[in-house]
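Visitor: Structure file start.cif, mmCIF, C-alpha atoms, pLDDT in the B column; chains and numbers go by the auth columns, is pasted below:
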data_target
loop_
_atom_site.group_PDB
_atom_site.id
_atom_site.type_symbol
_atom_site.label_atom_id
_atom_site.label_comp_id
_atom_site.label_asym_id
_atom_site.label_seq_id
_atom_site.Cartn_x
_atom_site.Cartn_y
_atom_site.Cartn_z
_atom_site.B_iso_or_equiv
_atom_site.auth_seq_id
_atom_site.auth_asym_id
ATOM 1 C CA MET A 1 0.000 0.000 0.000 56.00 1 N
ATOM 2 C CA ALA A 2 1.398 3.415 -0.954 67.00 2 N
ATOM 3 C CA ASN A 3 2.207 5.895 1.819 66.00 3 N
ATOM 4 C CA GLU A 4 -0.400 8.399 0.613 70.00 4 N
ATOM 5 C CA GLU A 5 -3.122 5.742 0.561 74.00 5 N
ATOM 6 C CA ARG A 6 -2.128 4.575 4.065 69.00 6 N
ATOM 7 C CA ALA A 7 -2.214 8.161 5.338 66.00 7 N
ATOM 8 C CA GLU A 8 -5.670 8.719 3.850 69.00 8 N
ATOM 9 C CA ARG A 9 -6.970 5.545 5.517 69.00 9 N
ATOM 10 C CA ILE A 10 -5.652 6.793 8.855 64.00 10 N
ATOM 11 C CA VAL A 11 -7.351 10.153 8.354 64.00 11 N
ATOM 12 C CA GLU A 12 -10.624 8.433 7.450 65.00 12 N
ATOM 13 C CA TYR A 13 -10.361 6.222 10.521 61.00 13 N
ATOM 14 C CA HIS A 14 -9.975 9.265 12.760 57.00 14 N
ATOM 15 C CA ARG A 15 -12.655 11.424 11.123 58.00 15 N
ATOM 16 C CA GLY A 16 -15.256 9.553 13.142 57.00 16 N
ATOM 17 C CA GLU A 17 -13.419 10.453 16.324 53.00 17 N
ATOM 18 C CA SER A 18 -13.295 14.155 15.545 49.00 18 N
ATOM 19 C CA GLU A 19 -16.861 14.834 16.668 50.00 19 N
ATOM 20 C CA GLU A 20 -16.311 12.931 19.916 53.00 20 N
ATOM 21 C CA GLU A 21 -12.905 14.536 20.519 51.00 21 N
ATOM 22 C CA TYR A 22 -14.363 17.995 19.945 47.00 22 N
ATOM 23 C CA TYR A 23 -16.129 17.711 23.282 51.00 23 N
ATOM 24 C CA ARG A 24 -13.514 15.672 25.140 56.00 24 N
ATOM 25 C CA GLU A 25 -11.567 17.328 27.904 62.00 25 N
ATOM 26 C CA VAL A 26 -9.157 15.829 30.435 55.00 26 N
ATOM 27 C CA GLY A 27 -11.357 14.314 33.126 56.00 27 N
ATOM 28 C CA ASP A 28 -14.240 13.299 30.858 63.00 28 N
ATOM 29 C CA ASP A 29 -13.128 9.683 31.052 69.00 29 N
ATOM 30 C CA ALA A 30 -11.625 9.717 34.529 78.00 30 N
ATOM 31 C CA VAL A 31 -10.373 6.108 34.623 82.00 31 N
ATOM 32 C CA TYR A 32 -8.736 6.258 31.174 79.00 32 N
ATOM 33 C CA ASP A 33 -7.246 9.671 31.876 81.00 33 N
ATOM 34 C CA GLU A 34 -5.846 8.657 35.256 84.00 34 N
ATOM 35 C CA ILE A 35 -4.262 5.464 33.924 88.00 35 N
ATOM 36 C CA THR A 36 -2.828 7.238 30.889 86.00 36 N
ATOM 37 C CA TRP A 37 -1.455 10.190 32.859 89.00 37 N
ATOM 38 C CA GLU A 38 0.045 7.966 35.572 92.00 38 N
ATOM 39 C CA ASN A 39 1.875 5.958 32.909 91.00 39 N
ATOM 40 C CA PHE A 40 3.603 8.800 31.116 90.00 40 N
ATOM 41 C CA GLU A 41 3.696 11.671 33.624 94.00 41 N
ATOM 42 C CA PRO A 42 6.741 10.331 35.544 94.00 42 N
ATOM 43 C CA PHE A 43 8.785 10.474 32.326 94.00 43 N
ATOM 44 C CA LEU A 44 7.894 14.039 31.368 94.00 44 N
ATOM 45 C CA PRO A 45 10.619 16.624 31.801 95.00 45 N
ATOM 46 C CA ARG A 46 9.814 19.438 34.237 93.00 46 N
ATOM 47 C CA GLN A 47 10.651 21.913 31.483 95.00 47 N
ATOM 48 C CA GLY A 48 11.565 21.810 27.816 96.00 48 N
ATOM 49 C CA TRP A 49 10.034 21.184 24.426 97.00 49 N
ATOM 50 C CA ILE A 50 7.658 18.232 23.959 97.00 50 N
ATOM 51 C CA LEU A 51 6.366 16.666 20.747 97.00 51 N
ATOM 52 C CA ASP A 52 2.814 15.336 21.116 96.00 52 N
ATOM 53 C CA ALA A 53 2.731 13.096 18.028 94.00 53 N
ATOM 54 C CA GLY A 54 -0.765 11.940 17.142 90.00 54 N
ATOM 55 C CA GLY A 55 -2.066 14.444 19.678 91.00 55 N
ATOM 56 C CA GLY A 56 -5.478 14.890 18.046 87.00 56 N
ATOM 57 C CA ALA A 57 -7.500 17.673 19.639 88.00 57 N
ATOM 58 C CA GLY A 58 -4.706 18.467 22.082 91.00 58 N
ATOM 59 C CA VAL A 59 -6.104 16.952 25.284 88.00 59 N
ATOM 60 C CA TRP A 60 -2.674 15.853 26.535 92.00 60 N
ATOM 61 C CA SER A 61 -0.834 18.847 25.079 95.00 61 N
ATOM 62 C CA ARG A 62 -2.961 21.107 27.226 93.00 62 N
ATOM 63 C CA LYS A 63 -2.500 18.899 30.308 93.00 63 N
ATOM 64 C CA MET A 64 1.283 19.014 29.859 96.00 64 N
ATOM 65 C CA ILE A 65 1.193 22.812 29.584 95.00 65 N
ATOM 66 C CA GLU A 66 -0.851 23.014 32.783 93.00 66 N
ATOM 67 C CA THR A 67 1.558 20.850 34.782 94.00 67 N
ATOM 68 C CA ARG A 68 4.966 21.665 33.325 94.00 68 N
ATOM 69 C CA ASN A 69 7.092 24.640 32.367 96.00 69 N
ATOM 70 C CA CYS A 70 7.207 23.487 28.760 96.00 70 N
ATOM 71 C CA SER A 71 6.223 24.187 25.188 97.00 71 N
ATOM 72 C CA VAL A 72 4.485 21.585 23.043 98.00 72 N
ATOM 73 C CA ALA A 73 4.450 20.855 19.326 97.00 73 N
ATOM 74 C CA LEU A 74 1.086 19.180 18.706 97.00 74 N
ATOM 75 C CA LEU A 75 1.267 16.999 15.589 95.00 75 N
ATOM 76 C CA ASP A 76 -1.623 15.144 13.992 92.00 76 N
ATOM 77 C CA ILE A 77 -2.685 14.032 10.533 88.00 77 N
ATOM 78 C CA THR A 78 -6.411 14.719 11.006 86.00 78 N
ATOM 79 C CA GLY A 79 -7.431 18.246 10.067 87.00 79 N
ATOM 80 C CA GLU A 80 -10.743 18.184 11.950 85.00 80 N
ATOM 81 C CA LEU A 81 -9.045 17.327 15.242 87.00 81 N
ATOM 82 C CA LEU A 82 -6.419 20.009 14.706 91.00 82 N
ATOM 83 C CA LYS A 83 -9.146 22.564 14.025 91.00 83 N
ATOM 84 C CA THR A 84 -10.627 21.674 17.406 89.00 84 N
ATOM 85 C CA ALA A 85 -7.188 21.948 19.009 92.00 85 N
ATOM 86 C CA LYS A 86 -6.588 25.375 17.464 95.00 86 N
ATOM 87 C CA ASN A 87 -9.963 26.639 18.679 93.00 87 N
ATOM 88 C CA ARG A 88 -9.261 25.459 22.223 91.00 88 N
ATOM 89 C CA ILE A 89 -5.726 26.856 22.189 95.00 89 N
ATOM 90 C CA ARG A 90 -7.042 30.213 21.002 95.00 90 N
ATOM 91 C CA ARG A 91 -9.863 30.140 23.580 94.00 91 N
ATOM 92 C CA ASP A 92 -7.442 29.371 26.422 92.00 92 N
ATOM 93 C CA LYS A 93 -4.735 31.754 25.128 94.00 93 N
ATOM 94 C CA LEU A 94 -2.092 29.012 24.900 94.00 94 N
ATOM 95 C CA GLY A 95 -0.816 29.894 21.419 91.00 95 N
ATOM 96 C CA GLU A 96 2.607 30.939 22.692 95.00 96 N
ATOM 97 C CA ARG A 97 3.157 27.521 24.273 97.00 97 N
ATOM 98 C CA ILE A 98 1.526 25.089 21.809 98.00 98 N
ATOM 99 C CA GLU A 99 2.552 24.900 18.157 97.00 99 N
ATOM 100 C CA VAL A 100 0.022 23.049 15.986 97.00 100 N
ATOM 101 C CA LEU A 101 1.398 21.005 13.080 96.00 101 N
ATOM 102 C CA ARG A 102 -0.428 18.906 10.504 94.00 102 N
ATOM 103 C CA GLY A 103 1.284 15.761 9.275 91.00 103 N
ATOM 104 C CA ASP A 104 2.574 12.418 10.398 86.00 104 N
ATOM 105 C CA ILE A 105 5.650 11.594 12.430 87.00 105 N
ATOM 106 C CA ARG A 106 7.764 11.565 9.256 86.00 106 N
ATOM 107 C CA SER A 107 6.953 15.200 8.495 86.00 107 N
ATOM 108 C CA VAL A 108 7.966 17.043 11.666 92.00 108 N
ATOM 109 C CA PRO A 109 9.427 20.351 10.434 91.00 109 N
ATOM 110 C CA HIS A 110 12.118 20.454 13.112 94.00 110 N
ATOM 111 C CA PRO A 111 15.598 18.901 13.102 92.00 111 N
ATOM 112 C CA ASP A 112 16.203 15.498 14.643 90.00 112 N
ATOM 113 C CA MET A 113 16.860 15.602 18.389 92.00 113 N
ATOM 114 C CA SER A 114 14.957 18.901 18.775 94.00 114 N
ATOM 115 C CA PHE A 115 12.597 17.680 21.479 96.00 115 N
ATOM 116 C CA ASP A 116 13.228 16.880 25.119 96.00 116 N
ATOM 117 C CA PHE A 117 10.393 14.338 25.114 95.00 117 N
ATOM 118 C CA VAL A 118 8.156 12.685 22.519 95.00 118 N
ATOM 119 C CA LEU A 119 4.688 11.450 23.420 94.00 119 N
ATOM 120 C CA SER A 120 3.196 9.306 20.684 90.00 120 N
ATOM 121 C CA GLY A 121 -0.451 8.428 20.910 71.00 121 N
ATOM 122 C CA ALA A 122 -0.640 7.380 17.263 51.00 122 N
ATOM 123 C CA GLY A 123 -0.624 3.622 17.115 47.00 123 N
ATOM 124 C CA TYR A 124 -2.788 2.961 14.073 43.00 124 N
ATOM 125 C CA LEU A 125 -1.095 1.403 11.071 40.00 125 N
ATOM 126 C CA LEU A 126 -4.251 0.067 9.416 39.00 126 N
ATOM 127 C CA GLU A 127 -2.188 -2.355 7.356 40.00 127 N
ATOM 128 C CA ASN A 128 -4.765 -5.136 7.395 37.00 128 N
ATOM 129 C CA ARG A 129 -8.032 -3.203 7.658 35.00 129 N
#
Would you mind writing the structure in this file as structure tokens?
Guide:
Amino acid sequence: MANEERAERIVEYHRGESEEEYYREVGDDAVYDEITWENFEPFLPRQGWILDAGGGAGVWSRKMIETRNCSVALLDITGELLKTAKNRIRRDKLGERIEVLRGDIRSVPHPDMSFDFVLSGAGYLLENR
């Protein structure tokens, strides 16, 4: 399967989530959020630059900003989720601390080794779907 076709299948897969993610905030699914946060929070740097790859609507980007002295590059391939993220970032006046990027992990417009931490929530290859 060509890379462009694979990317389009991923976008299509996530389009259905965009409506649900529009309304999702940290705390909406308390058990999931607590388990997720407890599993990656100990590894987060106290300060620095974090890449949130596959970050969708920015739920975890915003949580990291709230709890750390950091900046976040929020990367996702799904335009609808990024539109939601941008609206929330604008609403909460976080634009100086969260950079929103559209693309996949292969298209990060920053040099290798730029980030102090990489959080990757994108685990969908869709090879056999």
Visitor: Need the shell around N:Val72: protein/DNA/RNA residues with any atom at most 8 Å away, counting all atoms listed in the file. Skip same-chain ones fewer than 5 positions apart. Format as a ChimeraX atom specification?
Guide: /N:49-52,61,64-65,97-99
Visitor: Based on the selection just made, write C-alpha atoms of those residues as a CSV table (one decimal), in the coordinates of the input.
Guide:
chain,number,residue,atom,x,y,z
N,49,TRP,CA,10.0,21.2,24.4
N,50,ILE,CA,7.7,18.2,24.0
N,51,LEU,CA,6.4,16.7,20.7
N,52,ASP,CA,2.8,15.3,21.1
N,61,SER,CA,-0.8,18.8,25.1
N,64,MET,CA,1.3,19.0,29.9
N,65,ILE,CA,1.2,22.8,29.6
N,97,ARG,CA,3.2,27.5,24.3
N,98,ILE,CA,1.5,25.1,21.8
N,99,GLU,CA,2.6,24.9,18.2
Visitor: Taking into account all atoms listed in the file, which residue in the set N:Lys83, N:Arg46, N:Arg102, N:Arg88 is nearest to N:Arg68?
Guide: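 The answer is N:Arg46, which sits nearest to N:Arg68.
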Visitor: Using all atoms listed in the file, which residue out of N:Ala53, N:Ile89, N:Val59, N:Leu94 lies closest to N:Arg106?
Guide: N:Ala53
Visitor: Taking only C-alpha atoms into account, name the residue in N:Asp112, N:Phe117, N:Gly79, N:Arg62 that is nearest to N:Asp92.
Guide: N:Arg62
Visitor: Kindly provide, as AutoDock Vina command-line options, the centre and edge lengths (Å, one decimal) of an axis-aligned box around all atoms of stretch 33-52 of chain N given in the file, with 6 Å on each side.
Guide:
--center_x 2.2 --center_y 13.7 --center_z 28.2 --size_x 30.8 --size_y 28.4 --size_z 26.8
Visitor: Tell me which of N:Leu82, N:Val108, N:Leu119, N:Val100 sits closest to N:Trp60, counting all atoms listed in the file.
Guide: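 Closest to N:Trp60, using all atoms listed in the file: N:Leu119.
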Visitor: So which one's closest to N:Gly103, N:Gln47, N:Thr78, N:Thr67, N:Asn39? Using all atoms listed in the file, please.
Guide: N:Thr78
Visitor: Quick one: pull the distance between atom CA of N:Glu38 and atom CA of N:Ala73, Å, one decimal.
Guide: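 Atom CA of N:Ala73 lies at a distance of 21.2 Å from atom CA of N:Glu38.
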Visitor: If you measure from atom CA of N:Arg90 to atom CA of N:Asn69, what distance in Å do you get, rounded to one decimal?
Guide: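 Distance reported for this atom pair: 19.0 Å.
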Visitor: One number please: atom CA of N:Phe43 to atom CA of N:Ser120, in Å, one decimal.
Guide: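 The value is 13.0 Å.
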Visitor: Hey, which of N:Leu75, N:Ile35, N:Leu101, N:Leu81 ends up closest to N:Gly54? Count all atoms listed in the file.
Guide: N:Leu75
